[in-house]
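Structure first, then comments.
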Amino acid sequence: MRTLNLGILAHVDAGKTSLTERLLFNAGVIDKLGSVDTGNTQTDTLELERQRGITIRAAVVSFVIGERVVNLIDTPGHPDFIAEVERVLGLLDAAVVVVSAVEGVQAQTRVLVRALRRLGVPFIFFVNKVDRPGARYRDVMEALAAQLSVRPIAMSSVIDAGSRLAKVEALAPGYEPLFTPLCEALAENDEALFSDYVLTPDRLTAERLGRRLADQFAEGLVHPVFAGAATTGVGVPALTSAIATILPDRRLDPDRPVAGKIFKIERGWGGEKLAYMYLTSGTIRLRQYLDLPKGPDRVTAIEVFEAGRVRGVTSFRAGQIARVSGLAGARIGDAVGTDLLAGGRPQFAPPSLETRVVARRPSDKAALWLALNQMAEQDPLINLRRNEEADEVFVSLYGEVQKEVIQSTLLTDFGLEARFEESTVISVERPVGTGVGLQVIFKEPNPFLATVGLRVEPRPEGAGNSFALEVDVGQMPASFYRAVEETVFETLKQGIFGWQVIDCHVAMTAARHSSPASTAADFRQLTPWVLADALLAAQTVLCAPIDRFYLEAPVESLSGVLTLLAKSAATTMDSVIADGIARLEGTMASQMVQSVQQQLPGLTSGAGTMETSFDHYAPIAGPPRLRRRSGPDPFNGAEYLLSLHRHVEGMS
């Protein structure tokens, strides 16, 4: 059977988990609908998810629609848990973007659609909650085209929107009112169809239009829009039919070499590591050794997702998602075998906040560090950081809700009470120019049995960090080059001012070793020093995160709102006034967002709303804000070598 990896994505509270429940119920996977409010849904299994009524971890459930096996992935909608969404985007064949008919397009909707378009993942829309007071189906359709730069095609007709008696009728391609707008949309990218539409419209059969719709959807040219109410099931059958017919799937080969990706890590009841893995080719069997980046590990147990359940098996094949035990060295994002999905830069911005975590009982310091490490396995973007000299632990965050969830998890899962200090904004450093560093073997002051030469230079904004070899790779063991590359990326986490260096290209320009005395450790210890010299020569500029905001407020409060934005150094780039509501779009420093959100209700009698999402990093004027460094400081060569010497003495 063909396999379809389907993501359900949305802004928080748009109803995606309710839609997932309805799809499972209609497919016969569950015999009773769960509710987010009562905390008994199929995919929200964490106790915190049930308590808060939000999705925190991505969940997988598999079922059959027609001739397709659908691996459905329910993802968090709250922006604080965007890292969970990022980890599954690369697996998807298609996605359903759920939009509330009441709230319409929201900040997270824009973020998700941009990411899907960058990845080339085709997506359809489901306008949910058409039976709720204030539902605006037509307005939402217009907003999709205007705010998301997509080509929406209404596949549903809504009668009595905003009423509990709302009805949804599926539209047929061969008949009005769908025939004309469908032909016009498809004809924009199909000359033959355009010619027939103008000259011989009777040749445009429902079957032909359906095929061209599926083809152009797969190419990301058009975006069908369905409407309904997930809680009552109205309109969902038409969406289910589209999943079975329009969405592209894939036929995978279980007989080819193993290739897959680990996209989620959990801990079992006994503390064992459970790796969620999707295979693009091959078959994995019990007790088989798998090639992972940190070395081979043996599979000790396999559970697959089938028919809405999880069951133990002795093997799983391409197209299936499994939960695998025994992979002690597994990390989120690891390629298994030759992974066709590996690579690619992150689709979302890293966390922009950082907080210090303190154990309420001093005796729990070691246990807190261990617990946070286990949590970092499940969410690497919390970017756990420890300053050993000051005995301080820091975690990176997307927002205050994530902080509360981590704090609750520490208490409920590990029995640890922890205090989280006030969050601070994370700055970054960008290289200004090109710089080089070089230390030569057997030449003072280099005490290591290694030669390392590095050149750093800036990359385009948002390009991320990269590494390349500009030396003869045959002159040294591959492990030495790998040690340099890994250490480069690790060292870039703390630049000249102590902040992470971004958008930086590092090239290795010189390499030499002394056989058989040199070891990979020589290159790991020398690389930070050389890279620091190169960064000091290039210099870096400190940058702060800037958010894009979308603000709505009554017209009568506009003057006060504009004054608040001006005091916050915000830049307004677009403004629209309609129906007594002012809609403003612009940018402001991330550190000002919380203050504006706190003052907005008082200025607008509680009617104002503001949504934000990360937009870019901008240089900071004035003296750079220094961040306390963790570990030896390679930017002070003498102190760095002395620290390494002390460390070696302490181990001997």
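Each chain in the structure tokens gets a letter, A, B, ..., in the order shown, and its residues are numbered from 1; ligands are numbered from 1 in order too.
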Report task. From a DSSP pass on the backbone, collect the residues of stretch 162-235 of chain A flagged as strand (DSSP E or B) and hand them back as a ChimeraX atom specification. Result -> /A:167-170,223-227,229,234
Requested in this report: Please provide as a list of chain:residue names all residues within 10 Å of stretch 178-182 of chain A, with the sequence filter that same-chain residues fewer than 4 positions apart are discarded (counting only C-alpha atoms).
Outcome: A:Pro152, A:Ile153, A:Ala154, A:Met155, A:Ser156, A:Ser157, A:Ala170, A:Leu171, A:Ala172, A:Pro173, A:Gly174, A:Leu186, A:Ala187, A:Tyr197, A:Leu204, A:Thr205, A:Ala206, A:Leu209, A:Gly210, A:Leu213, A:Val222, A:Pro224
Requested in this report: Just list the residues in stretch 62-254 of chain A DSSP gives alpha helix (DSSP H) on the backbone, as a ChimeraX atom specification.
Outcome: /A:82-89,107-119,137-148,179-187,191-199,206-218,236-245
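Computed from the coordinates, the atom CA of A:Phe394 to atom CA of A:Ala618 distance equals 23.6 Å.
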Query raised in the report: Within 9 Å of stretch 241-258 of chain A, counting only C-alpha atoms, which residues qualify if same-chain residues fewer than 3 places away don't, as a VMD selection string?
Result: chain A and resid 1 to 6 65 to 68 70 93 to 95 122 to 124 210 to 211 213 to 215 217 to 218 236 to 238 279 to 284 290 316 to 319 336 to 339
Query - Nearest residue to A:Arg385 from the set A:Pro601, A:Tyr481, A:Arg512, A:Gln500 (distances using only C-alpha atoms) - result: A:Gln500
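Within 9 Å of A:Phe480, once only C-alpha atoms are used and residues closer than 2 positions along the same chain are dropped, the contacting residues are Met476, Pro477, Ala478, Arg482, Ala483, Val484, Glu485, His513, Thr519, Ala520, Ala521, Asp522, Phe523 and Arg524 of chain A.
Checking A:Arg331, A:Leu626, A:Thr240, A:Asp74 one by one against A:Gly295, counting only C-alpha atoms, you find the shortest gap at A:Arg331.
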Would you kindly return, as an mmCIF file with N, CA and C atoms, in the first residue's frame, each protein, DNA or RNA residue with an atom no farther than 8 Å from any atom of stretch 111-121 of chain A, considering only C-alpha atoms and excluding same-chain residues fewer than 4 positions away?
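Final file, out.cif:
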```
data_model
loop_
_atom_site.group_PDB
_atom_site.id
_atom_site.type_symbol
_atom_site.label_atom_id
_atom_site.label_comp_id
_atom_site.auth_asym_id
_atom_site.auth_seq_id
_atom_site.Cartn_x
_atom_site.Cartn_y
_atom_site.Cartn_z
ATOM 1 N N LEU A 9 -1.168 20.929 11.351
ATOM 2 C CA LEU A 9 -0.484 22.111 11.868
ATOM 3 C C LEU A 9 -1.483 23.245 12.084
ATOM 4 N N ALA A 10 -1.226 24.075 13.092
ATOM 5 C CA ALA A 10 -2.141 25.187 13.351
ATOM 6 C C ALA A 10 -1.598 26.093 14.431
ATOM 7 N N LEU A 89 8.650 18.343 10.176
ATOM 8 C CA LEU A 89 8.363 18.912 8.860
ATOM 9 C C LEU A 89 9.071 18.165 7.738
ATOM 10 N N GLY A 90 10.321 17.767 7.980
ATOM 11 C CA GLY A 90 11.076 17.084 6.941
ATOM 12 C C GLY A 90 10.547 15.703 6.593
ATOM 13 N N LEU A 92 7.244 15.076 6.183
ATOM 14 C CA LEU A 92 5.884 15.163 5.659
ATOM 15 C C LEU A 92 5.818 15.068 4.135
ATOM 16 N N ASP A 93 4.779 14.373 3.665
ATOM 17 C CA ASP A 93 4.417 14.396 2.252
ATOM 18 C C ASP A 93 3.437 15.526 1.983
ATOM 19 N N ALA A 94 2.627 15.858 2.980
ATOM 20 C CA ALA A 94 1.631 16.920 2.843
ATOM 21 C C ALA A 94 1.179 17.327 4.238
ATOM 22 N N ALA A 95 0.458 18.432 4.311
ATOM 23 C CA ALA A 95 0.005 18.927 5.605
ATOM 24 C C ALA A 95 -1.392 19.516 5.485
ATOM 25 N N VAL A 97 -3.307 22.569 7.250
ATOM 26 C CA VAL A 97 -3.162 23.743 8.102
ATOM 27 C C VAL A 97 -4.562 24.135 8.580
ATOM 28 N N ALA A 107 -0.617 34.606 14.016
ATOM 29 C CA ALA A 107 0.846 34.692 13.880
ATOM 30 C C ALA A 107 1.474 33.344 13.549
ATOM 31 N N LEU A 148 -1.122 35.364 3.288
ATOM 32 C CA LEU A 148 -0.213 34.216 3.201
ATOM 33 C C LEU A 148 0.377 34.027 1.813
ATOM 34 N N GLU A 219 2.582 20.430 -6.627
ATOM 35 C CA GLU A 219 3.636 21.378 -6.985
ATOM 36 C C GLU A 219 3.579 22.639 -6.131
ATOM 37 N N GLY A 220 2.597 22.719 -5.238
ATOM 38 C CA GLY A 220 2.480 23.889 -4.375
ATOM 39 C C GLY A 220 1.922 25.111 -5.064
ATOM 40 N N GLN A 347 14.113 25.222 10.104
ATOM 41 C CA GLN A 347 13.097 26.035 9.466
ATOM 42 C C GLN A 347 12.565 27.140 10.369
ATOM 43 N N PHE A 348 12.873 27.090 11.644
ATOM 44 C CA PHE A 348 12.405 28.093 12.580
ATOM 45 C C PHE A 348 13.577 28.700 13.324
ATOM 46 N N SER A 613 6.043 37.070 16.247
ATOM 47 C CA SER A 613 6.879 35.932 15.851
ATOM 48 C C SER A 613 8.253 36.470 15.490
#
```
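Of the listed residues (A:Val168, A:Val593, A:Leu603, A:Gln598), A:Leu603 comes nearest to A:Ser559; the distances count only C-alpha atoms.
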Query - Residue contacts of A:Arg455 (8 Å, only C-alpha atoms) excluding same-chain residues fewer than 2 positions away, as a PyMOL selection string - result: chain A and resi 434-437+453+457+506-509+531+534
Query raised in the report: stretch 627-639 of chain A: which residues within 6 Å, counting only C-alpha atoms, same-chain residues fewer than 6 positions away excluded, as a list in words?
Result: Asn387, Gly498, Pro528, Trp529 and Ala532 of chain A
Convert the current residue selection to file output with N, CA and C atoms, as a compact mmCIF listing (two decimals), in the first residue's frame.
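Resulting contents of result.txt:
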```txt
# COMPACT_ATOMS: atom_id res chain seq x y z
N ASN A 387 27.72 26.73 33.48
CA ASN A 387 28.95 27.45 33.84
C ASN A 387 29.52 26.76 35.06
N GLY A 498 30.81 36.06 24.19
CA GLY A 498 30.19 34.98 24.95
C GLY A 498 28.88 34.48 24.38
N PRO A 528 39.63 25.20 19.12
CA PRO A 528 39.02 26.41 19.70
C PRO A 528 39.97 27.60 19.73
N TRP A 529 41.21 27.36 20.02
CA TRP A 529 42.21 28.43 20.09
C TRP A 529 42.41 29.07 18.71
N ALA A 532 39.25 30.95 17.66
CA ALA A 532 39.15 32.22 18.39
C ALA A 532 40.04 33.29 17.76
```
